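Undergrad: My questions will all concern the structure given below.
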Amino acid sequence: MTTLLRRPVDREILRLAVPALGALVAEPVFLLADSAMVGHLGVDPLAGLGIASAVLQTIVGLMVFLAYSTTPAVARRLGAGDERGAVAAGVDGCWLALGLGVVLAGAGWAASPFLVSLFGASPGVTEQAAVYLSLSMLGLPAMLLVYAATGLLRGLQDTRTPLAVAVAGFAANIVLNFTFIYLAGLGIAGSALGTVAAQWGMVLVYVVIVARHARRVGASLLPHHTGIGRTARSGGWLLLRTASLRAAMLLAVFAATQLGPDELAAFQVTMTVFATLAFALDALAIAAQALIGKGLGSGDLETVRAVLRRCVQWGIGAGAVLGVVTIAVSPFAAGLFTNDPSVAALLPLPLAIIGLGAPLGGYVFVLDGVLIGAGDARYLALTGLVNFAVFMPLAAAAAWGGHDAFGLAALTAAFALGYLGARAVTLGLRARGRVWMRAGAAI
């Protein structure tokens, strides 16, 4: 039966993963372009972007449950034959995203100077980071709404529409950033303002799309307190899971800060490349979330197992290909991100290490998507704390082991090999069992 399922499952994975790949890669491609544009303003703006991005992505990343809890909730109802309930669950997720976004934006704007000061960077770097972060808060509600709307469409097994919106939004983002940074002479502030404008443009498009789905199935666009509460509760464990991931990222940035401004700037570029690979490999995780949720909703456990096996195989293979490419270009890539020779000299070895860890990342990201799609958020949250505990001494040893290229390479290895290795163990042990395979419309 597995042989018979293999081709249909492959087609379903490809149908969802290929458009998801385009949408996911669009964001880090923008980040790469943004880092390159800001990097040519000097070391302080690039290092400041690294700090501000770490804080902003932590806030936004903690709210990723708006997509990750919405996708399986919608997919399970769709698999159970309740399309109206599926869309209604997604609409409630959007309202929750808007409320959280407004509150967090206000708090984040007020706290921006304090948050960037915690990294202990030089005054010039801290100033640049505060400017970028405070302005970026204007787009925070839009970011969260995009998450929730994307989760709704993924749950409906539609990854093509998010691709179209992402490509248009991030293309506009690059044009706006170039205009504001260079033509208007706004520097790093122009980068933040260009991003905010593009994010709200994407929201306007999603409002139209979600409204059309609601009318099609007869679902209300008004919020339902019960549905919002259910989304918030199911996202609680995912929030803790994501908090452990973001804590690891913040710890890595803090450790890079201790190495010095040049090392911090180089680490910003290194982690941007890592994010690019991670987003690309996450396409399979997105397909797994949607297909696992739908399969469990319909009670088709055999297909669920087939999806798991094939996504893992493809994740490792895709990671190997991307890793080889990254290693091959690592000696030449520095000039794309910075014109500072000190920063450029630090980059080849960390980029090669990122490439070396890419197959491991493919395995980790796929299994993470499988368990999210199954609603196994409690396990992900608790083991996330274990993984972070493993990473802490590794990051500390790298931070105080040497302020040079070796120290930066050690920090990169601690994250890309040590931290991801711990995640691979905890996720792999869970996926081998059947506890997470709970069938039915409810998570």
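Note on naming: chains are A, B, ... as they come in the structure tokens, residues start from 1 per chain, ligands start from 1 in the order shown.
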Could you give me, as a list in words, the residues within 9 Å of Gly85 of chain A, counting only C-alpha atoms and dropping anything in the same chain fewer than 6 positions from it?
TA: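 With the cut-off at 9 Å, the set is Val74, Arg77, Leu78, Val217 and Ala219 of chain A.
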Undergrad: Given the choices A:Ala399, A:Ala52, A:Ala409, A:Leu429, which gets closest to Asp368 of chain A if the distance is worked out from only C-alpha atoms?
TA: A:Leu429
Undergrad: Taking into account only C-alpha atoms, which residue in the set A:Val43, A:Ala189, A:Val146, A:Ala33 is nearest to Ile174 of chain A?
TA: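 Ranked by minimum distance to Ile174 of chain A, first place goes to A:Ala33.
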Undergrad: Need the shell around Leu193 of chain A: protein/DNA/RNA residues with any atom at most 12 Å away, counting only C-alpha atoms. Skip same-chain ones fewer than 6 positions apart. Format as a PDB file with N, CA, C and O atoms, in the first residue's frame?
TA:
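Below is the file that was written, part_25.pdb:
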```
ATOM      1  N   VAL A 131      16.653  53.301  16.206  1.00  0.00           N
ATOM      2  CA  VAL A 131      15.913  53.957  15.120  1.00  0.00           C
ATOM      3  C   VAL A 131      15.138  52.926  14.308  1.00  0.00           C
ATOM      4  O   VAL A 131      13.933  53.080  14.051  1.00  0.00           O
ATOM      5  N   TYR A 132      15.818  51.867  13.899  1.00  0.00           N
ATOM      6  CA  TYR A 132      15.175  50.843  13.075  1.00  0.00           C
ATOM      7  C   TYR A 132      14.037  50.155  13.828  1.00  0.00           C
ATOM      8  O   TYR A 132      12.942  49.967  13.295  1.00  0.00           O
ATOM      9  N   LEU A 133      14.284  49.794  15.070  1.00  0.00           N
ATOM     10  CA  LEU A 133      13.291  49.025  15.825  1.00  0.00           C
ATOM     11  C   LEU A 133      12.042  49.840  16.110  1.00  0.00           C
ATOM     12  O   LEU A 133      10.917  49.345  15.962  1.00  0.00           O
ATOM     13  N   SER A 134      12.189  51.091  16.540  1.00  0.00           N
ATOM     14  CA  SER A 134      11.023  51.902  16.895  1.00  0.00           C
ATOM     15  C   SER A 134      10.125  52.141  15.686  1.00  0.00           C
ATOM     16  O   SER A 134       8.895  52.049  15.788  1.00  0.00           O
ATOM     17  N   LEU A 135      10.696  52.418  14.532  1.00  0.00           N
ATOM     18  CA  LEU A 135       9.895  52.626  13.322  1.00  0.00           C
ATOM     19  C   LEU A 135       9.248  51.326  12.843  1.00  0.00           C
ATOM     20  O   LEU A 135       8.114  51.332  12.351  1.00  0.00           O
ATOM     21  N   SER A 136       9.943  50.221  13.003  1.00  0.00           N
ATOM     22  CA  SER A 136       9.398  48.934  12.556  1.00  0.00           C
ATOM     23  C   SER A 136       8.164  48.520  13.335  1.00  0.00           C
ATOM     24  O   SER A 136       7.352  47.717  12.843  1.00  0.00           O
ATOM     25  N   MET A 137       8.002  49.042  14.537  1.00  0.00           N
ATOM     26  CA  MET A 137       6.832  48.692  15.336  1.00  0.00           C
ATOM     27  C   MET A 137       5.525  49.117  14.668  1.00  0.00           C
ATOM     28  O   MET A 137       4.465  48.542  14.940  1.00  0.00           O
ATOM     29  N   LEU A 138       5.585  50.108  13.781  1.00  0.00           N
ATOM     30  CA  LEU A 138       4.383  50.542  13.074  1.00  0.00           C
ATOM     31  C   LEU A 138       3.824  49.433  12.181  1.00  0.00           C
ATOM     32  O   LEU A 138       2.631  49.433  11.852  1.00  0.00           O
ATOM     33  N   GLY A 139       4.653  48.521  11.769  1.00  0.00           N
ATOM     34  CA  GLY A 139       4.206  47.429  10.911  1.00  0.00           C
ATOM     35  C   GLY A 139       3.915  46.136  11.632  1.00  0.00           C
ATOM     36  O   GLY A 139       3.548  45.141  10.995  1.00  0.00           O
ATOM     37  N   ASN A 173       8.814  45.928  -1.384  1.00  0.00           N
ATOM     38  CA  ASN A 173       9.640  46.237  -0.228  1.00  0.00           C
ATOM     39  C   ASN A 173      11.055  46.664  -0.639  1.00  0.00           C
ATOM     40  O   ASN A 173      11.602  47.654  -0.146  1.00  0.00           O
ATOM     41  N   ILE A 174      11.640  45.913  -1.566  1.00  0.00           N
ATOM     42  CA  ILE A 174      12.998  46.221  -2.016  1.00  0.00           C
ATOM     43  C   ILE A 174      13.044  47.582  -2.703  1.00  0.00           C
ATOM     44  O   ILE A 174      13.944  48.398  -2.462  1.00  0.00           O
ATOM     45  N   VAL A 175      12.044  47.843  -3.553  1.00  0.00           N
ATOM     46  CA  VAL A 175      12.003  49.127  -4.259  1.00  0.00           C
ATOM     47  C   VAL A 175      11.839  50.276  -3.266  1.00  0.00           C
ATOM     48  O   VAL A 175      12.524  51.307  -3.356  1.00  0.00           O
ATOM     49  N   LEU A 176      10.926  50.110  -2.313  1.00  0.00           N
ATOM     50  CA  LEU A 176      10.695  51.159  -1.317  1.00  0.00           C
ATOM     51  C   LEU A 176      11.936  51.389  -0.454  1.00  0.00           C
ATOM     52  O   LEU A 176      12.290  52.535  -0.143  1.00  0.00           O
ATOM     53  N   ASN A 177      12.584  50.307  -0.058  1.00  0.00           N
ATOM     54  CA  ASN A 177      13.785  50.463   0.767  1.00  0.00           C
ATOM     55  C   ASN A 177      14.895  51.197   0.023  1.00  0.00           C
ATOM     56  O   ASN A 177      15.543  52.085   0.577  1.00  0.00           O
ATOM     57  N   PHE A 178      15.101  50.829  -1.234  1.00  0.00           N
ATOM     58  CA  PHE A 178      16.130  51.521  -2.017  1.00  0.00           C
ATOM     59  C   PHE A 178      15.794  53.006  -2.147  1.00  0.00           C
ATOM     60  O   PHE A 178      16.667  53.870  -2.010  1.00  0.00           O
ATOM     61  N   THR A 179      14.515  53.287  -2.390  1.00  0.00           N
ATOM     62  CA  THR A 179      14.093  54.686  -2.543  1.00  0.00           C
ATOM     63  C   THR A 179      14.312  55.478  -1.265  1.00  0.00           C
ATOM     64  O   THR A 179      14.869  56.589  -1.286  1.00  0.00           O
ATOM     65  N   PHE A 180      13.891  54.907  -0.139  1.00  0.00           N
ATOM     66  CA  PHE A 180      13.982  55.635   1.126  1.00  0.00           C
ATOM     67  C   PHE A 180      15.417  55.715   1.655  1.00  0.00           C
ATOM     68  O   PHE A 180      15.830  56.727   2.216  1.00  0.00           O
ATOM     69  N   ILE A 181      16.187  54.625   1.483  1.00  0.00           N
ATOM     70  CA  ILE A 181      17.547  54.605   2.025  1.00  0.00           C
ATOM     71  C   ILE A 181      18.466  55.538   1.242  1.00  0.00           C
ATOM     72  O   ILE A 181      19.160  56.375   1.826  1.00  0.00           O
ATOM     73  N   ALA A 184      16.055  59.075  -0.920  1.00  0.00           N
ATOM     74  CA  ALA A 184      15.574  60.054   0.076  1.00  0.00           C
ATOM     75  C   ALA A 184      16.616  60.337   1.147  1.00  0.00           C
ATOM     76  O   ALA A 184      16.437  61.257   1.950  1.00  0.00           O
ATOM     77  N   LEU A 186      17.470  58.618   3.846  1.00  0.00           N
ATOM     78  CA  LEU A 186      17.004  58.389   5.214  1.00  0.00           C
ATOM     79  C   LEU A 186      17.817  57.337   5.957  1.00  0.00           C
ATOM     80  O   LEU A 186      17.572  57.100   7.143  1.00  0.00           O
ATOM     81  N   GLY A 187      18.758  56.682   5.292  1.00  0.00           N
ATOM     82  CA  GLY A 187      19.596  55.698   5.956  1.00  0.00           C
ATOM     83  C   GLY A 187      18.802  54.526   6.472  1.00  0.00           C
ATOM     84  O   GLY A 187      17.841  54.062   5.845  1.00  0.00           O
ATOM     85  N   GLN A 199       4.335  45.969   4.233  1.00  0.00           N
ATOM     86  CA  GLN A 199       3.566  45.053   5.088  1.00  0.00           C
ATOM     87  C   GLN A 199       2.082  45.414   5.104  1.00  0.00           C
ATOM     88  O   GLN A 199       1.221  44.534   5.008  1.00  0.00           O
ATOM     89  N   TRP A 200       1.757  46.689   5.218  1.00  0.00           N
ATOM     90  CA  TRP A 200       0.349  47.086   5.232  1.00  0.00           C
ATOM     91  C   TRP A 200      -0.298  46.899   3.857  1.00  0.00           C
ATOM     92  O   TRP A 200      -1.500  46.614   3.766  1.00  0.00           O
TER      93      TRP A 200
END
```
Undergrad: What does the distance between atom CA of Val435 of chain A and atom CA of Val304 of chain A come to in Å, to one decimal place?
TA: 13.0 Å
Undergrad: For atom CA of Ser342 of chain A and atom CA of Gly357 of chain A, determine how far apart the two atoms are, in Å to one decimal place.
TA: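 Computing it gives 25.1 Å between the two atoms.
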Undergrad: By how many Å are atom CA of Thr338 of chain A and atom CA of Gly39 of chain A apart?
TA: 5.0 Å
Undergrad: Nearest residue to Gly108 of chain A out of A:Thr126, A:Thr71, A:Gln289, A:Thr58, using only C-alpha atoms?
TA: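 Distance minimum relative to Gly108 of chain A lands on A:Thr58.
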Undergrad: Mind checking which residues fall within 12 Å of segment 98-106 of chain A, counting only C-alpha atoms, ignoring those fewer than 5 positions away in the same chain, and posting them as a ChimeraX atom specification?
TA: /A:56,58-60,62-66,91-93,111-112,133-149,203,207,223,228,232
Undergrad: His40 of chain A: which residues within 10 Å, counting only C-alpha atoms, same-chain residues fewer than 3 positions away excluded, as a list in words?
TA: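 Answer for this query is Ser35, Ala36, Met37, Val43, Pro45, Leu46, Leu336, Phe337, Thr338, Asn339 and Asp340 of chain A.
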